[in-house]
$ cat structure35.txt   # compact mmCIF, C-alpha atoms
# COMPACT_ATOMS: atom_id res chain seq x y z
CA MET I 1 -7.06 11.17 -15.35
CA LYS I 2 -7.03 9.52 -18.73
CA SER I 3 -4.44 8.45 -21.27
CA GLY I 4 -2.96 11.44 -23.06
CA ASP I 5 -3.29 13.82 -20.13
CA LYS I 6 -0.43 16.20 -19.40
CA VAL I 7 1.27 16.04 -15.99
CA ALA I 8 3.84 18.43 -14.55
CA ILE I 9 7.28 17.46 -13.25
CA VAL I 10 8.65 19.93 -10.69
CA GLY I 11 11.42 20.19 -8.09
CA CYS I 12 10.43 22.38 -5.16
CA SER I 13 13.19 21.14 -2.85
CA ASN I 14 16.90 20.58 -3.59
CA GLY I 15 17.90 20.74 -7.23
CA GLN I 16 18.81 17.47 -8.93
CA LYS I 17 22.44 16.74 -9.78
CA GLU I 18 23.36 16.73 -13.48
CA TYR I 19 24.43 13.08 -13.26
CA TYR I 20 20.81 12.17 -12.45
CA LYS I 21 19.57 13.28 -15.90
CA GLU I 22 19.62 9.76 -17.29
CA LYS I 23 17.30 8.49 -14.55
CA ILE I 24 14.97 11.43 -14.99
CA GLU I 25 14.80 10.67 -18.70
CA LEU I 26 13.93 7.08 -17.81
CA LEU I 27 11.15 8.35 -15.56
CA LEU I 28 9.79 10.60 -18.32
CA ASN I 29 9.81 7.69 -20.77
CA THR I 30 8.10 5.46 -18.21
CA LEU I 31 5.32 8.02 -17.76
CA LYS I 32 4.95 8.24 -21.54
CA ASP I 33 4.71 4.44 -21.78
CA ILE I 34 1.95 4.54 -19.16
CA GLY I 35 0.08 6.99 -21.38
CA LEU I 36 0.77 10.33 -19.71
CA VAL I 37 2.49 13.38 -21.21
CA PRO I 38 5.10 14.76 -18.78
CA VAL I 39 5.90 18.47 -18.93
CA MET I 40 9.11 19.54 -17.18
CA GLY I 41 9.29 22.62 -14.98
CA GLU I 42 12.09 25.14 -15.45
CA TYR I 43 13.77 24.47 -12.10
CA ILE I 44 14.86 20.86 -11.80
CA TYR I 45 18.66 20.76 -11.78
CA ASP I 46 20.89 22.52 -9.27
CA LYS I 47 22.69 25.61 -10.52
CA ASN I 48 24.14 27.02 -7.31
CA ASN I 49 24.81 24.59 -4.49
CA VAL I 50 21.37 23.01 -3.77
CA PHE I 51 19.37 25.68 -5.59
CA SER I 52 17.72 25.08 -8.96
CA GLY I 53 16.27 28.57 -8.62
CA SER I 54 15.26 30.98 -5.90
CA GLY I 55 12.35 30.17 -3.61
CA LYS I 56 10.13 32.56 -5.55
CA GLU I 57 11.21 31.16 -8.90
CA ARG I 58 10.43 27.61 -7.83
CA ALA I 59 7.08 28.71 -6.38
CA ASP I 60 6.17 30.64 -9.53
CA SER I 61 6.99 27.60 -11.65
CA LEU I 62 4.70 25.45 -9.50
CA MET I 63 1.90 28.03 -9.64
CA ARG I 64 2.09 28.20 -13.46
CA PHE I 65 1.24 24.52 -13.55
CA TYR I 66 -1.68 25.06 -11.18
CA LEU I 67 -2.96 27.76 -13.54
CA ASP I 68 -2.52 25.62 -16.66
CA ASP I 69 -5.80 23.81 -17.31
CA GLU I 70 -4.06 21.23 -19.50
CA ILE I 71 -2.00 19.97 -16.55
CA LYS I 72 -3.95 17.31 -14.63
CA ALA I 73 -1.48 16.48 -11.82
CA ILE I 74 1.80 17.77 -10.42
CA PHE I 75 4.61 15.37 -9.50
CA ASP I 76 7.55 16.64 -7.49
CA ILE I 77 10.67 14.53 -8.02
CA SER I 78 12.90 16.33 -5.52
CA GLY I 79 13.70 15.95 -1.85
CA GLY I 80 16.20 17.25 0.65
CA ASP I 81 15.88 20.35 2.77
CA ILE I 82 14.68 23.55 1.12
CA ALA I 83 11.06 23.02 0.02
CA ASN I 84 9.70 25.24 2.80
CA GLU I 85 11.49 28.19 1.17
CA ILE I 86 8.71 28.40 -1.43
CA LEU I 87 5.75 28.46 0.98
CA PRO I 88 5.39 32.26 1.38
CA TYR I 89 5.17 32.65 -2.41
CA LEU I 90 2.39 30.14 -3.09
CA ASP I 91 -1.11 31.35 -4.01
CA PHE I 92 -3.28 29.11 -1.86
CA ASP I 93 -6.48 30.60 -3.30
CA VAL I 94 -5.47 29.27 -6.71
CA ILE I 95 -4.50 25.91 -5.21
CA ALA I 96 -7.83 25.73 -3.36
CA GLY I 97 -9.72 26.22 -6.61
CA SER I 98 -7.77 23.57 -8.50
CA GLU I 99 -8.80 19.95 -8.99
CA LYS I 100 -5.25 18.71 -9.55
CA LEU I 101 -3.29 16.83 -6.90
CA PHE I 102 0.23 17.61 -5.78
CA TRP I 103 2.44 14.52 -5.34
CA GLY I 104 5.72 14.36 -3.41
CA TYR I 105 7.41 12.88 -0.36
CA SER I 106 10.13 13.48 2.23
CA ASP I 107 10.89 17.23 2.27
CA LEU I 108 7.71 17.83 0.26
CA THR I 109 5.89 16.96 3.48
CA THR I 110 6.15 20.71 4.12
CA ILE I 111 4.22 21.65 0.98
CA ILE I 112 1.70 18.82 1.29
CA ASN I 113 0.73 19.75 4.85
CA ALA I 114 0.74 23.46 4.07
CA ILE I 115 -1.72 22.79 1.24
CA TYR I 116 -4.01 20.98 3.65
CA ALA I 117 -3.60 23.64 6.36
CA LYS I 118 -4.38 26.53 4.01
CA THR I 119 -6.96 24.95 1.70
CA GLY I 120 -8.28 21.71 3.24
CA LYS I 121 -7.31 19.93 0.02
CA GLU I 122 -5.72 16.52 -0.32
CA SER I 123 -2.24 15.80 -1.66
CA VAL I 124 -0.40 12.52 -2.20
CA LEU I 125 2.62 11.50 -0.15
CA TYR I 126 4.42 9.42 -2.80
CA GLN I 127 7.66 9.59 -4.76
CA ILE I 128 6.95 9.18 -8.47
CA ARG I 129 10.55 8.02 -8.97
CA ASN I 130 9.46 4.71 -7.42
CA LEU I 131 8.30 3.87 -10.95
CA ILE I 132 11.95 3.35 -11.99
CA TYR I 133 13.41 1.77 -8.85
CA ASP I 134 13.74 -1.83 -7.60
CA ASN I 135 10.01 -2.55 -7.42
CA SER I 136 9.19 -0.78 -10.67
CA GLU I 137 6.96 -3.50 -12.14
CA VAL I 138 4.61 -3.53 -9.15
CA GLN I 139 4.80 0.24 -8.77
CA ILE I 140 3.92 0.87 -12.42
CA SER I 141 1.00 -1.55 -12.17
CA ASN I 142 -0.36 0.04 -8.97
CA PHE I 143 0.18 3.57 -10.28
CA THR I 144 -1.43 2.88 -13.66
CA ASN I 145 -4.41 1.08 -12.16
CA THR I 146 -4.99 3.94 -9.73
CA ILE I 147 -4.36 6.89 -12.05
CA LEU I 148 -5.98 5.63 -15.23
CA ASN I 149 -8.32 2.85 -14.12
CA GLY I 150 -9.73 4.32 -10.92
CA THR I 151 -8.66 1.59 -8.50
CA ASP I 152 -7.12 2.14 -5.05
CA ASP I 153 -4.17 -0.18 -5.67
CA LEU I 154 -1.55 2.49 -4.95
CA PHE I 155 -3.25 3.51 -1.69
CA GLN I 156 -3.95 0.08 -0.20
CA PHE I 157 -1.41 -0.77 2.46
CA HIS I 158 -1.19 -3.33 5.24
CA SER I 159 -0.76 -2.22 8.82
CA SER I 160 -0.79 -3.78 12.27
CA PHE I 161 -1.67 -2.22 15.59
CA VAL I 162 0.91 -2.02 18.37
CA GLN I 163 -1.44 -0.15 20.71
CA LYS I 164 -5.27 -0.20 20.72
CA GLN I 165 -7.12 -1.59 17.69
CA LYS I 166 -8.77 1.19 15.67
CA MET I 167 -8.38 4.83 14.65
CA SER I 168 -10.30 7.25 12.46
CA GLY I 169 -9.55 10.74 11.26
CA ILE I 170 -8.05 12.89 8.54
CA VAL I 171 -4.44 11.94 7.83
CA ILE I 172 -1.76 14.60 8.27
CA GLY I 173 2.00 14.38 8.54
CA GLY I 174 4.69 12.50 6.66
CA ASN I 175 8.41 12.81 7.23
CA ILE I 176 8.82 13.67 10.91
CA ARG I 177 11.84 15.96 10.49
CA CYS I 178 10.31 17.90 7.64
CA LEU I 179 6.85 18.15 9.20
CA LEU I 180 8.32 19.91 12.22
CA LYS I 181 9.67 22.70 9.99
CA LEU I 182 6.06 23.93 9.90
CA ALA I 183 5.68 24.13 13.69
CA GLY I 184 5.00 27.70 14.79
CA THR I 185 4.20 28.87 11.26
CA ARG I 186 0.89 29.65 9.60
CA PHE I 187 1.37 26.50 7.52
CA TRP I 188 1.09 24.08 10.47
CA PRO I 189 -2.05 21.91 10.11
CA ASP I 190 -4.71 21.68 12.80
CA THR I 191 -3.96 18.39 14.58
CA LYS I 192 -7.20 17.98 16.54
CA GLY I 193 -8.80 14.62 15.83
CA LYS I 194 -6.29 13.77 13.11
CA ILE I 195 -4.31 10.63 12.39
CA LEU I 196 -0.65 11.61 12.50
CA LEU I 197 1.51 9.77 9.97
CA LEU I 198 5.20 9.70 10.82
CA GLU I 199 8.11 8.23 8.88
CA ALA I 200 11.80 9.01 8.40
CA HIS I 201 14.76 8.24 6.19
CA SER I 202 17.68 9.44 8.29
CA GLY I 203 18.04 9.74 12.04
CA LYS I 204 18.66 7.41 14.94
CA VAL I 205 17.46 7.40 18.54
CA PRO I 206 18.73 10.88 19.57
CA GLN I 207 17.08 12.58 16.61
CA MET I 208 13.79 10.74 17.10
CA VAL I 209 13.76 11.60 20.80
CA THR I 210 14.19 15.25 19.83
CA TYR I 211 11.36 15.17 17.27
CA LEU I 212 8.95 13.24 19.48
CA ASN I 213 9.56 15.55 22.42
CA GLN I 214 8.90 18.57 20.22
CA LEU I 215 5.61 17.04 19.09
CA SER I 216 4.75 16.36 22.73
CA GLN I 217 5.72 19.83 23.91
CA ILE I 218 3.55 21.58 21.31
CA GLY I 219 0.58 19.47 22.43
CA VAL I 220 0.15 17.23 19.40
CA PHE I 221 -0.21 13.94 21.26
CA LYS I 222 -2.99 15.38 23.42
CA ASN I 223 -5.43 16.02 20.59
CA ILE I 224 -4.78 13.60 17.71
CA SER I 225 -6.88 10.46 17.26
CA GLY I 226 -4.02 8.10 16.49
CA ILE I 227 -0.54 7.59 15.07
CA LEU I 228 0.36 5.68 11.91
CA LEU I 229 4.05 4.83 11.75
CA GLY I 230 5.68 4.21 8.40
CA THR I 231 9.24 3.05 7.92
CA PHE I 232 12.19 4.65 9.73
CA THR I 233 14.92 3.62 7.33
CA GLU I 234 18.13 4.36 9.21
CA MET I 235 16.78 3.24 12.59
CA GLU I 236 15.63 -0.06 11.14
CA LYS I 237 18.85 -0.61 9.18
CA GLU I 238 20.92 -0.07 12.33
CA ASN I 239 18.53 -2.08 14.54
CA CYS I 240 18.38 0.84 16.95
CA VAL I 241 17.35 0.26 20.55
CA PRO I 242 14.89 1.49 21.70
CA SER I 243 12.96 0.95 18.47
CA ILE I 244 10.81 3.68 16.97
CA VAL I 245 7.69 1.90 18.24
CA GLU I 246 9.07 1.87 21.78
CA LEU I 247 10.02 5.53 21.56
CA VAL I 248 6.62 6.59 20.25
CA LYS I 249 4.87 4.69 23.02
CA ARG I 250 7.16 6.35 25.56
CA TYR I 251 6.45 9.91 24.46
CA ALA I 252 2.94 9.66 23.04
CA GLY I 253 1.51 7.75 26.00
CA SER I 254 -0.48 4.56 26.39
CA GLU I 255 -3.93 5.80 25.35
CA LEU I 256 -3.40 6.66 21.68
CA PRO I 257 -4.00 4.05 18.99
CA ILE I 258 -0.72 3.31 17.21
CA ALA I 259 -0.37 1.28 14.02
CA TYR I 260 2.69 0.41 11.97
CA THR I 261 3.14 -0.23 8.24
CA THR I 262 6.18 -1.23 6.20
CA GLU I 263 4.54 0.11 3.04
CA ILE I 264 4.76 3.88 3.58
CA GLY I 265 8.05 5.75 3.73
CA HIS I 266 11.27 5.96 1.76
CA GLY I 267 11.42 2.34 0.62
CA THR I 268 11.13 1.56 -3.09
CA ASN I 269 8.12 -0.61 -2.23
CA SER I 270 6.26 2.31 -0.65
CA LYS I 271 2.62 2.92 -1.41
CA GLY I 272 1.01 6.34 -1.55
CA ILE I 273 -1.24 7.90 1.04
CA LEU I 274 -3.59 10.86 0.71
CA ILE I 275 -2.74 13.57 3.21
CA GLY I 276 -5.93 15.44 4.05
CA LYS I 277 -8.23 12.45 3.49
CA GLU I 278 -10.41 10.89 6.19
CA VAL I 279 -9.66 7.23 6.81
CA THR I 280 -10.45 4.47 9.26
CA ILE I 281 -7.75 1.96 10.14
CA GLY I 282 -8.64 -1.22 11.99
$ encode --input "structure35.txt" --output "structure tokens"
Amino acid sequence: MKSGDKVAIVGCSNGQKEYYKEKIELLLNTLKDIGLVPVMGEYIYDKNNVFSGSGKERADSLMRFYLDDEIKAIFDISGGDIANEILPYLDFDVIAGSEKLFWGYSDLTTIINAIYAKTGKESVLYQIRNLIYDNSEVQISNFTNTILNGTDDLFQFHSSFVQKQKMSGIVIGGNIRCLLKLAGTRFWPDTKGKILLLEAHSGKVPQMVTYLNQLSQIGVFKNISGILLGTFTEMEKENCVPSIVELVKRYAGSELPIAYTTEIGHGTNSKGILIGKEVTIG
């Protein structure tokens, strides 16, 4: 992208509360200061409980931005629970033919992995609102250098291995709870040979045991090439025992490479990662 390019702002998951308007305005002004021209979608704020619009309305709004040649990227600022409602209404042929990237995190894990599953295209697991949070100065620098100057600053993260020493493959995954919404649907990505990224905001040991056992029971740990763990916010805050690393080792087995990073997840310091891109770690 270049300075002056238009970018879309959408909300495919829960609608934003009215009291958040001031922060959204700050985000829009921050993007303008960077040199981008943000264009707001029609369905951002909640109108009926968590809904900013119906699933079809939110999907149609997203697709209009994919069809608009002036829009160079799409940033989803939402999160929550209901993003998978829009999946049946997306035109994946249009998405497959587009050069623009979809950006989002948390519940948008559903859309990001569905895009990869249906088109083979990359998307970015990253919350654009990080530009206005605690680490805004560093985030703005990394984002600007990556978007406008062609560096990899936003995508460079540190990790350490807790099992084995190297892994290679296309990255899939994201938020563990939200990823599993795709299990059993036509939007579930092929896991064979992939690096599975897992992170979480909420949930303690019982929830993680549930999620990890579901992944095990649908055969994921038998065919992936490795696991990259991001942050597990609530577990880490509560110093849960067993830790997420111990739990993953328990249910994924001793043969898979497992690495951990504190720079991908729900923290305001989080970097971005391209879902659908081949990487080597280690």
$ residues_around --input "structure35.txt" --residues "I:His158" --least-positions-apart "4" --cutoff "9 Å" --atoms "only C-alpha atoms" --output "JSON, numbers by chain"
{"I": [260, 261, 262, 263]}
$ atom_distance --input "structure35.txt" --atom1 "atom CA of I:Ile172" --atom2 "atom CA of I:Ile44"
26.8 Å
$ residues_around --input "structure35.txt" --residues "I:Gln214" --least-positions-apart "4" --cutoff "10 Å" --atoms "all atoms listed in the file" --output "list in words"
Leu180, Ala183, Met208, Val209, Thr210, Ile218, Gly219, Val220 and Tyr251 of chain I
$ residues_around --input "structure35.txt" --residues "I:Gly253" --least-positions-apart "3" --cutoff "12 Å" --atoms "only C-alpha atoms" --output "MDAnalysis selection string"
chainID I and resid 163:164 212:213 216 220:222 224 226:227 245:250 256:258
$ write_last_selection --input "structure35.txt" --atoms "C-alpha atoms" --output "tab-separated table (two decimals), in the frame of the given file"
chain	number	residue	atom	x	y	z
I	163	GLN	CA	-1.44	-0.15	20.71
I	164	LYS	CA	-5.27	-0.20	20.72
I	212	LEU	CA	8.95	13.24	19.48
I	213	ASN	CA	9.56	15.55	22.42
I	216	SER	CA	4.75	16.36	22.73
I	220	VAL	CA	0.15	17.23	19.40
I	221	PHE	CA	-0.21	13.94	21.26
I	222	LYS	CA	-2.99	15.38	23.42
I	224	ILE	CA	-4.78	13.60	17.71
I	226	GLY	CA	-4.02	8.10	16.49
I	227	ILE	CA	-0.54	7.59	15.07
I	245	VAL	CA	7.69	1.90	18.24
I	246	GLU	CA	9.07	1.87	21.78
I	247	LEU	CA	10.02	5.53	21.56
I	248	VAL	CA	6.62	6.59	20.25
I	249	LYS	CA	4.87	4.69	23.02
I	250	ARG	CA	7.16	6.35	25.56
I	256	LEU	CA	-3.40	6.66	21.68
I	257	PRO	CA	-4.00	4.05	18.99
I	258	ILE	CA	-0.72	3.31	17.21
$ residues_near_point --input "structure35.txt" --point "(3.0, 3.2, -21.0)" --cutoff "12 Å" --atoms "all atoms listed in the file" --output "PyMOL selection string"
chain I and resi 3-4+27-38+131+137+140-141+143-145+148
$ residues_around --input "structure35.txt" --residues "I:Ile244" --least-positions-apart "5" --cutoff "9 Å" --atoms "only C-alpha atoms" --output "mmCIF file with C-alpha atoms, in the frame of the given file"
data_model
loop_
_atom_site.group_PDB
_atom_site.id
_atom_site.type_symbol
_atom_site.label_atom_id
_atom_site.label_comp_id
_atom_site.auth_asym_id
_atom_site.auth_seq_id
_atom_site.Cartn_x
_atom_site.Cartn_y
_atom_site.Cartn_z
ATOM 1 C CA LYS I 204 18.660 7.410 14.940
ATOM 2 C CA VAL I 205 17.460 7.400 18.540
ATOM 3 C CA MET I 208 13.790 10.740 17.100
ATOM 4 C CA LEU I 229 4.050 4.830 11.750
ATOM 5 C CA PHE I 232 12.190 4.650 9.730
ATOM 6 C CA MET I 235 16.780 3.240 12.590
ATOM 7 C CA GLU I 236 15.630 -0.060 11.140
ATOM 8 C CA LYS I 249 4.870 4.690 23.020
#
$ closest_residue --input "structure35.txt" --among "I:Thr146, I:Asn175, I:Ser98, I:Ser13" --to "I:Glu57" --atoms "only C-alpha atoms"
I:Ser13
$ atom_distance --input "structure35.txt" --atom1 "atom CA of I:Lys277" --atom2 "atom CA of I:Leu215"
21.4 Å
$ atom_distance --input "structure35.txt" --atom1 "atom CA of I:Gly265" --atom2 "atom CA of I:Leu197"
9.9 Å
$ closest_residue --input "structure35.txt" --among "I:Glu122, I:Asp134, I:Asp152, I:Asp107" --to "I:Asn269" --atoms "all atoms listed in the file"
I:Asp134
$ closest_residue --input "structure35.txt" --among "I:Val162, I:Ile9, I:Leu90, I:Ala252" --to "I:Phe75" --atoms "all atoms listed in the file"
I:Ile9
$ closest_residue --input "structure35.txt" --among "I:Lys100, I:Lys21, I:Lys56, I:Lys121" --to "I:Ile77" --atoms "only C-alpha atoms"
I:Lys21
